[in-house]
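So this block is coords_31.cif, mmCIF, C-alpha atoms:
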```cif
data_model
#
loop_
_atom_site.label_atom_id
_atom_site.label_comp_id
_atom_site.auth_asym_id
_atom_site.auth_seq_id
_atom_site.Cartn_x
_atom_site.Cartn_y
_atom_site.Cartn_z
CA MET A 73 -14.10 40.98 18.08
CA LEU A 74 -11.22 39.77 15.95
CA GLU A 75 -8.87 40.07 18.93
CA ALA A 76 -11.17 37.90 21.03
CA TYR A 77 -11.48 35.43 18.17
CA ALA A 78 -7.68 35.23 17.96
CA LEU A 79 -7.60 34.37 21.67
CA GLY A 80 -10.24 31.69 21.24
CA ALA A 81 -12.60 33.66 23.49
CA VAL A 82 -15.71 33.60 21.30
CA PRO A 83 -18.23 30.74 21.25
CA PRO A 84 -18.39 28.55 18.10
CA GLU A 85 -21.49 30.21 16.65
CA GLU A 86 -19.90 33.65 16.81
CA GLY A 87 -16.71 32.17 15.41
CA ALA A 88 -18.64 30.88 12.42
CA HIS A 89 -20.04 34.35 11.72
CA ILE A 90 -16.58 35.86 11.92
CA GLU A 91 -15.25 33.17 9.60
CA GLU A 92 -17.98 33.97 7.11
CA HIS A 93 -17.16 37.66 7.21
CA LEU A 94 -13.46 36.94 6.76
CA SER A 95 -14.11 35.23 3.47
CA ASP A 96 -15.23 38.57 2.06
CA CYS A 97 -12.83 40.91 3.81
CA LEU A 98 -9.13 40.76 3.17
CA ALA A 99 -8.46 43.67 5.55
CA CYS A 100 -10.03 41.77 8.47
CA TRP A 101 -8.22 38.64 7.39
CA GLU A 102 -4.91 40.48 7.64
CA HIS A 103 -5.89 42.05 10.97
CA LEU A 104 -6.84 38.65 12.37
CA SER A 105 -3.66 37.09 11.12
CA GLU A 106 -1.59 39.62 13.09
CA SER A 107 -3.72 39.14 16.19
CA GLN A 108 -3.36 35.37 15.92
CA ARG A 109 0.40 35.66 15.67
CA ALA A 110 0.42 37.89 18.75
CA ALA A 111 -1.82 35.45 20.63
CA ALA A 112 0.38 32.52 19.65
CA LEU A 113 3.37 34.23 21.23
CA LEU A 114 1.59 34.23 24.61
CA ALA A 115 2.43 30.57 25.07
CA LEU A 116 6.10 31.57 25.18
CA ALA A 117 5.42 33.48 28.39
CA VAL A 118 4.38 30.53 30.54
CA PRO A 119 6.53 29.71 33.58
CA LEU A 120 8.71 26.74 32.78
CA GLU A 121 8.23 23.42 34.51
CA GLU A 122 10.47 20.45 33.72
CA PRO A 123 8.51 17.34 32.75
CA CYS A 124 9.75 14.10 34.23
CA GLU A 125 12.29 12.17 32.17
CA SER A 126 9.93 9.23 31.86
CA LEU A 127 7.63 11.38 29.70
CA ARG A 128 10.35 11.66 27.07
CA GLN A 129 10.90 7.92 27.18
CA ARG A 130 7.18 7.19 26.83
CA ILE A 131 6.73 9.52 23.89
CA ILE A 132 9.79 8.32 21.98
CA ALA A 133 8.92 4.67 22.63
CA GLN A 134 5.36 5.19 21.39
CA ALA A 135 6.61 6.97 18.26
CA ARG A 136 8.97 4.07 17.54
CA ARG A 137 6.14 1.57 17.96
CA GLU A 138 3.89 3.53 15.63
CA SER A 139 6.55 3.93 12.96
CA GLU A 140 7.09 0.21 12.39
CA PRO A 141 3.64 -0.75 11.03
CA ALA A 142 3.62 2.37 8.85
CA ILE A 143 6.62 1.07 6.94
CA GLU A 144 5.46 -2.53 6.81
CA THR A 145 2.09 -1.62 5.35
CA VAL A 146 3.52 0.29 2.39
CA PRO A 147 1.75 -1.04 -0.71
CA ARG A 148 4.04 -3.20 -2.76
CA ARG A 149 3.51 -1.20 -5.91
CA TRP A 150 5.31 1.73 -4.33
CA HIS A 151 8.49 -0.16 -3.49
CA LEU A 152 11.58 0.67 -5.48
CA PRO A 153 14.23 -1.93 -6.32
CA ARG A 154 16.76 -2.49 -3.55
CA LEU A 155 19.72 -0.20 -3.87
CA VAL A 156 22.69 -2.15 -2.60
CA ALA A 157 25.02 0.84 -2.46
CA VAL A 158 22.89 2.73 0.02
CA GLY A 159 20.95 -0.12 1.53
CA ALA A 160 17.63 1.51 0.84
CA THR A 161 14.56 -0.66 1.11
CA ALA A 162 11.62 1.42 0.10
CA VAL A 163 10.50 4.83 -0.95
CA VAL A 164 6.94 5.94 -0.76
CA LEU A 165 5.64 9.09 -2.31
CA ALA A 166 2.33 10.28 -0.98
CA ALA A 167 0.55 13.33 -2.31
CA VAL A 168 -1.62 14.72 0.46
CA GLY A 169 -3.39 17.60 -1.21
CA ALA A 170 -3.24 21.28 -2.00
CA LEU A 171 -3.08 22.40 1.64
CA SER A 172 -0.53 19.79 2.72
CA TRP A 173 3.08 18.93 2.45
CA SER A 174 4.09 16.25 0.04
CA LEU A 175 5.43 13.45 2.19
CA VAL A 176 8.10 10.96 1.42
CA GLU A 177 8.36 7.83 3.49
CA THR A 178 11.53 5.85 3.40
CA ARG A 179 13.45 3.71 5.78
CA ASN A 180 17.03 4.45 4.90
CA LEU A 181 17.17 6.53 1.75
CA HIS A 182 17.04 10.05 3.20
CA SER A 183 18.62 12.07 0.47
CA ASP A 184 18.69 15.84 0.55
CA TYR A 185 17.62 15.79 -3.08
CA HIS A 186 14.24 14.39 -2.15
CA ASP A 187 13.90 16.84 0.74
CA ILE A 188 14.43 19.81 -1.50
CA GLN A 189 12.29 18.43 -4.30
CA HIS A 190 9.31 17.80 -2.03
CA GLN A 191 9.65 21.02 -0.12
CA ALA A 192 9.63 22.90 -3.39
CA THR A 193 6.48 21.08 -4.50
CA ALA A 194 4.72 21.77 -1.19
CA ASN A 195 5.75 25.41 -1.27
CA GLN A 196 4.48 25.79 -4.81
CA GLN A 197 1.17 24.16 -3.88
CA GLN A 198 0.77 26.57 -0.98
CA VAL A 199 1.60 29.55 -3.16
CA ASP A 200 -0.90 28.38 -5.78
CA LEU A 201 -3.59 27.87 -3.14
CA THR A 202 -3.04 31.30 -1.63
CA ARG A 203 -3.01 32.93 -5.05
CA ASN A 204 -6.21 31.18 -6.05
CA MET A 205 -7.99 31.98 -2.78
CA VAL A 206 -7.06 35.65 -2.93
CA GLY A 207 -7.97 35.75 -6.61
CA LEU A 208 -11.32 34.21 -5.86
CA LEU A 209 -12.10 36.57 -2.98
CA MET A 210 -11.21 39.60 -5.06
CA ARG A 211 -13.59 38.67 -7.84
CA PRO A 212 -16.82 40.69 -8.04
CA ASP A 213 -18.78 37.72 -9.41
CA VAL A 214 -18.36 35.28 -6.53
CA GLU A 215 -21.38 33.20 -5.57
CA ARG A 216 -21.64 31.52 -2.19
CA GLN A 217 -23.78 28.79 -0.73
CA ALA A 218 -23.87 27.08 2.66
CA MET A 219 -23.10 23.37 2.63
CA VAL A 220 -24.71 20.57 4.63
CA THR A 221 -22.44 18.69 7.03
CA SER A 222 -22.88 15.23 8.52
CA GLY A 223 -20.92 12.33 9.99
CA ILE A 224 -17.43 13.30 11.06
CA ALA A 225 -18.07 16.85 9.78
CA ALA A 226 -21.40 17.23 11.60
CA GLY A 227 -20.07 19.92 13.95
CA ALA A 228 -18.44 21.95 11.20
CA THR A 229 -19.76 24.83 9.16
CA ALA A 230 -18.87 24.94 5.49
CA TYR A 231 -19.75 26.88 2.42
CA TYR A 232 -18.93 26.71 -1.23
CA MET A 233 -17.87 29.72 -3.30
CA TRP A 234 -17.51 29.83 -7.05
CA THR A 235 -17.02 32.34 -9.82
CA ARG A 236 -19.80 32.93 -12.31
CA ASP A 237 -17.48 32.24 -15.22
CA GLY A 238 -17.26 28.67 -13.97
CA LYS A 239 -13.50 28.59 -13.62
CA LEU A 240 -12.85 28.51 -9.89
CA GLY A 241 -14.58 27.17 -6.82
CA ALA A 242 -13.57 26.91 -3.19
CA ILE A 243 -14.76 25.11 -0.10
CA VAL A 244 -14.21 26.92 3.21
CA CYS A 245 -14.73 25.00 6.44
CA HIS A 246 -14.71 25.97 10.10
CA GLY A 247 -14.62 23.46 12.95
CA LEU A 248 -13.71 20.58 10.66
CA PRO A 249 -11.85 17.86 12.61
CA ASP A 250 -8.78 16.06 11.34
CA PRO A 251 -9.66 13.14 9.09
CA PRO A 252 -8.99 9.73 10.70
CA GLU A 253 -5.45 8.38 10.60
CA GLY A 254 -4.43 7.50 7.05
CA LYS A 255 -7.40 9.35 5.53
CA VAL A 256 -7.93 12.64 3.75
CA TYR A 257 -10.91 14.71 2.72
CA GLN A 258 -11.61 14.49 -1.00
CA VAL A 259 -13.74 16.89 -3.03
CA TRP A 260 -16.15 15.63 -5.67
CA LEU A 261 -17.85 17.72 -8.34
CA SER A 262 -21.04 16.27 -9.75
CA TYR A 263 -21.38 16.64 -13.52
CA ASP A 264 -23.66 14.84 -15.97
CA GLN A 265 -20.99 12.27 -16.70
CA GLY A 266 -20.60 11.49 -12.99
CA PRO A 267 -18.47 12.64 -10.06
CA VAL A 268 -15.18 14.33 -10.91
CA ASN A 269 -12.28 14.37 -8.48
CA GLY A 270 -11.75 17.88 -7.09
CA GLY A 271 -8.60 17.09 -5.10
CA THR A 272 -7.82 16.21 -1.51
CA PHE A 273 -7.22 18.31 1.58
CA THR A 274 -6.81 18.02 5.33
CA ALA A 275 -7.94 20.21 8.21
CA TRP A 276 -5.58 22.64 9.90
CA GLN A 277 -6.51 23.56 13.45
CA GLU A 278 -10.10 22.84 12.46
CA GLN A 279 -10.02 25.30 9.58
CA SER A 280 -9.59 24.54 5.94
CA GLN A 281 -9.88 26.06 2.50
CA HIS A 282 -9.68 24.14 -0.71
CA VAL A 283 -9.77 25.57 -4.21
CA VAL A 284 -10.98 23.53 -7.18
CA SER A 285 -10.76 24.14 -10.89
CA LEU A 286 -14.21 23.99 -12.48
CA GLN A 287 -13.00 23.69 -16.07
CA GLY A 288 -15.38 26.31 -17.37
CA SER A 289 -18.64 24.92 -16.05
CA TRP A 290 -20.28 24.70 -12.66
CA PRO A 291 -21.26 21.33 -11.24
CA ALA A 292 -24.77 20.37 -10.17
CA ALA A 293 -23.49 19.51 -6.71
CA VAL A 294 -20.32 19.53 -4.67
CA GLY A 295 -19.46 16.99 -2.00
CA VAL A 296 -16.62 15.96 0.28
CA SER A 297 -15.99 12.39 1.39
CA VAL A 298 -13.35 10.78 3.59
CA GLU A 299 -10.99 8.71 1.48
CA PRO A 300 -7.70 6.85 1.95
CA GLN A 301 -4.51 8.91 1.87
CA GLY A 302 -3.76 9.96 -1.70
CA GLY A 303 -7.43 10.01 -2.65
CA SER A 304 -9.72 7.62 -4.52
CA ALA A 305 -10.72 7.31 -8.17
CA SER A 306 -14.37 7.47 -7.18
CA PRO A 307 -16.17 8.19 -3.89
CA SER A 308 -15.98 5.24 -1.49
CA GLY A 309 -17.39 6.91 1.63
CA GLU A 310 -20.43 8.98 2.50
CA MET A 311 -20.46 12.68 1.59
CA VAL A 312 -19.81 14.39 4.92
CA ILE A 313 -20.05 17.86 3.36
CA SER A 314 -22.34 18.54 0.42
CA ALA A 315 -24.35 21.15 -1.46
CA SER A 316 -26.66 21.08 -4.46
CA LEU A 317 -25.99 24.12 -6.58
CA SER A 318 -28.77 26.06 -8.28
CA PRO A 319 -28.25 26.89 -11.96
CA LEU A 320 -27.09 30.47 -12.41
CA GLN A 321 -29.64 32.98 -13.57
CA MET B 175 24.25 14.86 10.81
CA ASP B 176 24.08 17.06 13.90
CA TYR B 177 20.37 17.25 14.68
CA PRO B 178 20.47 19.95 17.37
CA ASP B 179 21.91 22.32 14.77
CA LEU B 180 19.06 21.80 12.31
CA ALA B 181 16.31 24.41 12.01
CA ASP B 182 12.81 23.41 13.10
CA GLU B 183 11.59 23.23 9.52
CA GLN B 184 14.45 20.91 8.57
CA LEU B 185 13.61 18.65 11.50
CA MET B 186 9.96 18.61 10.42
CA THR B 187 10.96 17.62 6.92
CA ARG B 188 12.92 14.73 8.37
CA LEU B 189 9.92 13.83 10.49
CA ALA B 190 8.00 13.24 7.29
CA LEU B 191 10.73 10.76 6.50
CA ARG B 192 9.97 8.97 9.78
CA ASP B 193 13.33 10.00 11.20
CA ILE B 194 13.09 9.22 14.92
CA ARG B 195 16.22 11.22 15.72
CA ALA B 196 14.60 14.34 14.31
CA PHE B 197 11.61 13.63 16.54
CA GLU B 198 13.87 13.26 19.57
CA ALA B 199 15.57 16.54 18.71
CA LEU B 200 12.23 18.34 18.50
CA TYR B 201 11.17 16.92 21.85
CA ASP B 202 14.48 17.92 23.46
CA ARG B 203 14.06 21.40 22.03
CA TYR B 204 10.43 22.03 22.90
CA GLY B 205 9.30 19.31 25.32
CA THR B 206 9.59 21.60 28.33
CA LEU B 207 7.72 24.45 26.62
CA VAL B 208 4.91 22.21 25.39
CA TYR B 209 4.53 20.56 28.80
CA SER B 210 4.68 23.92 30.59
CA THR B 211 2.05 25.40 28.27
CA ALA B 212 -0.29 22.50 28.94
CA LEU B 213 0.40 22.68 32.67
CA ARG B 214 -0.28 26.42 32.72
CA VAL B 215 -3.72 25.78 31.28
CA VAL B 216 -4.84 22.62 33.07
CA GLY B 217 -2.89 22.90 36.35
CA ASP B 218 -2.58 19.13 36.61
CA VAL B 219 0.74 17.33 36.13
CA GLN B 220 -0.70 14.05 34.88
CA LEU B 221 -3.09 15.71 32.47
CA ALA B 222 -0.35 18.05 31.22
CA GLU B 223 1.88 15.04 30.51
CA ASP B 224 -0.94 13.35 28.61
CA ILE B 225 -1.49 16.49 26.53
CA ALA B 226 2.24 16.89 25.80
CA GLN B 227 2.40 13.25 24.72
CA GLU B 228 -0.58 13.67 22.42
CA VAL B 229 0.86 16.86 20.90
CA PHE B 230 4.19 15.26 20.06
CA LEU B 231 2.66 12.03 18.77
CA ARG B 232 0.33 14.11 16.65
CA ILE B 233 3.23 15.81 14.87
CA TRP B 234 4.91 12.43 14.52
CA ARG B 235 1.81 10.97 12.90
CA ARG B 236 0.90 13.99 10.80
CA PRO B 237 3.88 16.27 10.22
CA ASP B 238 2.06 17.61 7.17
CA HIS B 239 -0.26 19.51 9.50
CA TYR B 240 2.46 22.07 9.96
CA VAL B 241 2.56 24.50 7.04
CA PRO B 242 5.64 26.77 7.22
CA GLU B 243 3.96 29.53 5.24
CA ARG B 244 1.49 30.01 8.08
CA GLY B 245 4.07 30.86 10.70
CA ARG B 246 6.95 29.67 12.79
CA PHE B 247 7.02 26.10 13.99
CA VAL B 248 7.38 26.90 17.69
CA THR B 249 4.32 29.18 17.83
CA TRP B 250 2.29 26.66 15.85
CA LEU B 251 3.38 23.83 18.16
CA LEU B 252 2.55 25.80 21.30
CA SER B 253 -0.82 26.79 19.83
CA VAL B 254 -1.59 23.13 19.30
CA ALA B 255 -0.59 22.44 22.92
CA ARG B 256 -2.64 25.35 24.25
CA ASN B 257 -5.70 24.45 22.18
CA GLY B 258 -5.45 20.80 23.21
CA ALA B 259 -5.24 21.80 26.86
CA VAL B 260 -8.21 24.16 26.56
CA ASP B 261 -10.23 21.39 24.91
CA GLN B 262 -9.43 19.17 27.87
CA ILE B 263 -10.56 21.63 30.53
CA ARG B 264 -13.68 22.45 28.56
CA THR B 265 -14.48 18.76 28.24
CA ARG B 266 -13.72 17.94 31.86
CA GLY B 267 -15.09 21.15 33.32
CA ARG B 268 -11.82 21.56 35.17
CA ARG B 269 -10.60 25.02 35.98
CA ARG B 270 -7.40 26.13 37.59
CA ARG B 271 -6.58 29.25 39.55
CA HIS B 272 -5.54 32.07 37.27
CA GLU B 273 -2.30 33.64 38.25
CA THR B 274 -1.11 36.92 36.94
CA ALA B 275 2.30 37.28 35.36
CA GLY B 276 3.63 38.87 38.54
CA GLU B 277 2.76 35.84 40.63
CA GLU B 278 4.58 33.39 38.47
CA LEU B 279 8.08 32.26 39.12
CA GLU B 280 10.66 33.56 36.70
CA ARG B 281 12.33 30.52 35.28
CA GLU B 282 14.29 30.17 32.12
CA LEU B 283 14.73 27.33 29.71
CA PRO B 284 17.06 24.76 31.26
CA GLY B 285 20.58 24.63 29.91
CA ASP B 286 20.85 21.59 27.68
CA GLU B 287 24.12 20.66 26.12
CA ARG B 288 22.18 18.76 23.43
CA GLN B 289 20.74 21.97 22.04
CA ASP B 290 22.18 24.75 19.93
CA PRO B 291 23.07 27.53 22.44
CA ALA B 292 22.26 30.28 19.92
CA LEU B 293 18.77 28.90 19.32
CA MET B 294 18.08 28.51 23.02
CA ALA B 295 19.33 32.05 23.67
CA GLN B 296 16.99 33.37 20.99
CA LEU B 297 14.06 31.55 22.54
CA ALA B 298 14.94 32.87 25.99
CA ASP B 299 15.10 36.38 24.57
CA GLU B 300 11.71 36.01 22.92
CA ARG B 301 10.21 34.66 26.11
CA GLN B 302 11.51 37.63 28.00
CA LYS B 303 10.04 40.07 25.47
CA VAL B 304 6.60 38.46 25.59
CA ARG B 305 6.60 38.40 29.38
CA ARG B 306 7.58 42.06 29.48
CA ALA B 307 4.91 42.94 26.95
CA LEU B 308 2.28 41.19 29.06
CA ALA B 309 3.54 42.78 32.26
CA SER B 310 3.40 46.24 30.65
CA LEU B 311 -0.35 46.00 30.10
CA PRO B 312 -2.74 47.60 32.56
CA PRO B 313 -3.63 44.86 35.10
CA GLU B 314 -7.30 44.71 34.07
CA GLN B 315 -6.37 44.18 30.40
CA ARG B 316 -3.69 41.63 31.21
CA ARG B 317 -6.08 39.68 33.40
CA VAL B 318 -8.80 39.24 30.78
CA ILE B 319 -6.24 38.26 28.13
CA GLU B 320 -4.69 35.69 30.45
CA MET B 321 -8.11 34.31 31.37
CA ALA B 322 -8.99 33.98 27.69
CA TYR B 323 -5.72 32.50 26.46
CA TYR B 324 -4.50 30.43 29.39
CA GLY B 325 -7.91 29.72 30.89
CA GLY B 326 -9.86 29.06 27.73
CA TYR B 327 -12.75 31.24 28.92
CA THR B 328 -15.05 33.06 26.53
CA GLN B 329 -15.68 36.77 26.89
CA GLN B 330 -19.10 36.04 28.38
CA GLU B 331 -17.62 33.68 30.98
CA ILE B 332 -14.96 36.21 31.90
CA ALA B 333 -17.57 38.92 32.32
CA GLU B 334 -19.57 36.69 34.66
CA MET B 335 -16.50 35.66 36.67
CA LEU B 336 -15.32 39.23 37.10
CA SER B 337 -18.83 40.63 37.55
CA GLN B 338 -18.14 43.12 34.79
CA PRO B 339 -20.33 44.12 31.83
CA LEU B 340 -19.61 42.11 28.70
CA GLY B 341 -18.83 45.31 26.81
CA THR B 342 -16.14 46.17 29.36
CA VAL B 343 -14.48 42.79 28.91
CA LYS B 344 -14.61 43.10 25.14
CA THR B 345 -13.02 46.53 25.29
CA ARG B 346 -10.26 45.35 27.62
CA ILE B 347 -9.43 42.41 25.37
CA ARG B 348 -9.40 44.60 22.28
CA LEU B 349 -7.22 47.31 23.79
CA GLY B 350 -4.89 44.81 25.44
CA MET B 351 -4.38 42.84 22.27
CA GLN B 352 -3.80 46.00 20.26
CA LYS B 353 -1.05 46.98 22.69
CA LEU B 354 0.46 43.52 22.55
CA ARG B 355 0.47 43.62 18.77
CA ALA B 356 2.22 46.96 18.82
CA THR B 357 4.78 45.95 21.45
CA LEU B 358 5.51 42.61 19.83
CA ALA B 359 5.45 43.90 16.25
CA PRO B 360 9.08 42.85 15.55
CA GLU B 361 8.37 39.31 16.76
CA ILE B 362 5.08 39.16 14.86
CA GLY B 363 6.73 40.47 11.74
CA GLY B 364 9.38 37.79 12.05
CA GLU B 365 6.75 35.07 11.93
#
```
Can the structure in the file be given as structure tokens, please?
Amino acid sequence: MLEAYALGAVPPEEGAHIEEHLSDCLACWEHLSESQRAAALLALAVPLEEPCESLRQRIIAQARRESEPAIETVPRRWHLPRLVAVGATAVVLAAVGALSWSLVETRNLHSDYHDIQHQATANQQQVDLTRNMVGLLMRPDVERQAMVTSGIAAGATAYYMWTRDGKLGAIVCHGLPDPPEGKVYQVWLSYDQGPVNGGTFTAWQEQSQHVVSLQGSWPAAVGVSVEPQGGSASPSGEMVISASLSPLQ
Amino acid sequence: MDYPDLADEQLMTRLALRDIRAFEALYDRYGTLVYSTALRVVGDVQLAEDIAQEVFLRIWRRPDHYVPERGRFVTWLLSVARNGAVDQIRTRGRRRRHETAGEELERELPGDERQDPALMAQLADERQKVRRALASLPPEQRRVIEMAYYGGYTQQEIAEMLSQPLGTVKTRIRLGMQKLRATLAPEIGGE
């Protein structure tokens, strides 16, 4: 079944069951990962057909058009002073969450230093996420609960896992679409004092995992809203994924 | 900076910097493969162009969607193209004739003086290995795998189309994929 799943040959409902099983089974996860890598290689075997040259021109022209507003709409507070020596106009740092690269937007200042710095940060985030997910799955005291989806996430399945010691939680989604342009998914943990930011994440090929630190106590509810890139201080949109959590016995 | 000499991951990093020349280099490197993948699935030139355009603009808009730790850029990119094409035929109900590997024309990546010859040679070598691995499968296993991957059919649909029991189709997919994994182990390990 994992081979068929890797080929995309199982219907969504079966895919959701497989996804659920994978969260508890590292061996299957590894098996699937190998099958997915084998399946991905199949695209290399297609007979080659040259696209027309006008396709290249259309794509590059559209990319150029789309890049201009992105630079012009950079919030003023992010602009750095003009650097005459290098002619740089602006540098934008945008943190896009534990599953994502850290992005740097700039018009002219493309220094290798920033490349390396941000790659290192993104790599470390990925390592931390993987370590936390594996750590969570290996724990014998993991609780799990299905989450309710609505709005943009209506077609997705999601569940929330957390450790009984109240230190780690994770949201695992299947079939979650990309957030709209310029938006991210943001996790909120509901405590007595109000919602606490649980970090941002994006979807990756309609699958996503996000680990949150629970700071020693479990929240009454967990929700996910769609927020502007970089996240919000408090929820500004509807909760598209949510779950009320029962107190532990 | 000589963009054709940069690794895919370096070009993607520059994409995050909105570097249009890095974007051009990625298109020159993989435009034909992305378009060909889409065309293989949908069998329609116009639709394949639309899919290729959407795939490349998607990585331009959201380069952060590629996570190097999850695998090589080229296989991720082609997976995005294949999945986008399958979504299209599922949405439109369009199906193309499913050729077997033996029916397809053997063509290689076009020589392009803008690209690093070593990288293009490596890609050509990988393509050859995957094609050989597919061709080495028993025909009935190869067929169901091609129908699933290039056609976007589910196991149930394949069983109905081939008038075979669902269990038979499942077994063929499982055995075929196991053989592919074994044959392509060096390439998979290099992911």
Taking all atoms listed in the file into account, find every residue of chain B that has an atom no more than 7 Å from chain A, and write it out as a compact mmCIF listing (two decimals) with C-alpha atoms, in the frame of the given file.
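iface.txt written:
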```
# COMPACT_ATOMS: atom_id res chain seq x y z
CA THR B 187 10.96 17.62 6.92
CA ALA B 190 8.00 13.24 7.29
CA LEU B 191 10.73 10.76 6.50
CA ARG B 192 9.97 8.97 9.78
CA GLU B 198 13.87 13.26 19.57
CA THR B 206 9.59 21.60 28.33
CA LEU B 207 7.72 24.45 26.62
CA TYR B 209 4.53 20.56 28.80
CA SER B 210 4.68 23.92 30.59
CA THR B 211 2.05 25.40 28.27
CA ARG B 214 -0.28 26.42 32.72
CA GLU B 223 1.88 15.04 30.51
CA GLN B 227 2.40 13.25 24.72
CA LEU B 231 2.66 12.03 18.77
CA TRP B 234 4.91 12.43 14.52
CA ASP B 238 2.06 17.61 7.17
CA HIS B 239 -0.26 19.51 9.50
CA THR B 249 4.32 29.18 17.83
CA LEU B 252 2.55 25.80 21.30
CA SER B 253 -0.82 26.79 19.83
CA GLU B 278 4.58 33.39 38.47
CA LEU B 279 8.08 32.26 39.12
CA GLU B 280 10.66 33.56 36.70
CA ARG B 281 12.33 30.52 35.28
CA GLU B 282 14.29 30.17 32.12
CA LEU B 283 14.73 27.33 29.71
CA ARG B 301 10.21 34.66 26.11
CA VAL B 304 6.60 38.46 25.59
CA ARG B 305 6.60 38.40 29.38
CA ALA B 322 -8.99 33.98 27.69
CA TYR B 323 -5.72 32.50 26.46
CA GLY B 326 -9.86 29.06 27.73
CA TYR B 327 -12.75 31.24 28.92
CA THR B 328 -15.05 33.06 26.53
CA GLN B 329 -15.68 36.77 26.89
CA ILE B 347 -9.43 42.41 25.37
CA ARG B 348 -9.40 44.60 22.28
CA MET B 351 -4.38 42.84 22.27
CA LEU B 354 0.46 43.52 22.55
CA ARG B 355 0.47 43.62 18.77
CA ILE B 362 5.08 39.16 14.86
```
- [ ] Within 12 Å of Lys239 of chain A, counting all atoms listed in the file, which residues show up once you throw out same-chain ones fewer than 3 positions away? Write them as an NGL selection string, please.
- [x] :A and (204 or 207-208 or 211 or 213-214 or 233-236 or 242 or 283-291)
Open item on the list: Quick check on the file I pasted: which residues fall under the PyMOL selection byres ((chain A and resi 249) around 8)? Write them as a list in words.
Closed with: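 Selected by the PyMOL selection byres ((chain A and resi 249) around 8) in this file: Ile224, Ala225, Ala228, Gly247, Leu248, Asp250, Pro251, Ala275, Gln277 and Glu278 of chain A.
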Task: Between atom CA of Ala307 of chain B and atom CA of His103 of chain A, distance in Å (one decimal) - done: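 For atom CA of Ala307 of chain B relative to atom CA of His103 of chain A, the distance reads 19.3 Å.
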TODO: Quote the spacing between atom CA of Leu94 of chain A and atom CA of Met205 of chain A in Å to one decimal place.
DONE: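 One can read the atom CA of Leu94 of chain A to atom CA of Met205 of chain A distance as 12.1 Å.
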Task: Pairwise distance for atom CA of Val216 of chain B and atom CA of Leu189 of chain B, rounded to one decimal in Å - done: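 Going from atom CA of Val216 of chain B over to atom CA of Leu189 of chain B covers 28.4 Å.
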Open item on the list: Which residues would end up in the selection if the PyMOL selection byres ((chain B and resi 343) around 9) were applied here, given that I need the answer as a PyMOL selection string?
Closed with: chain B and resi 315+318+329-330+332-333+336+338-342+344-348
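Distances to Asp182 of chain B were evaluated for B:Arg306, B:Lys353, B:Arg316, B:Arg203 using all atoms listed in the file, and the minimum falls at B:Arg203.
Considering all atoms listed in the file, the residue among A:Leu98, A:Glu215, A:Ile90, A:Ser222 positioned nearest to Asp237 of chain A is A:Glu215.
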- [ ] Apply the PyMOL selection byres ((chain B and resi 230) around 9) to the file shown and report the selected residues as number ranges by chain.
- [x] A: 131, 135; B: 197, 200-201, 205, 208, 225-229, 231-235, 251
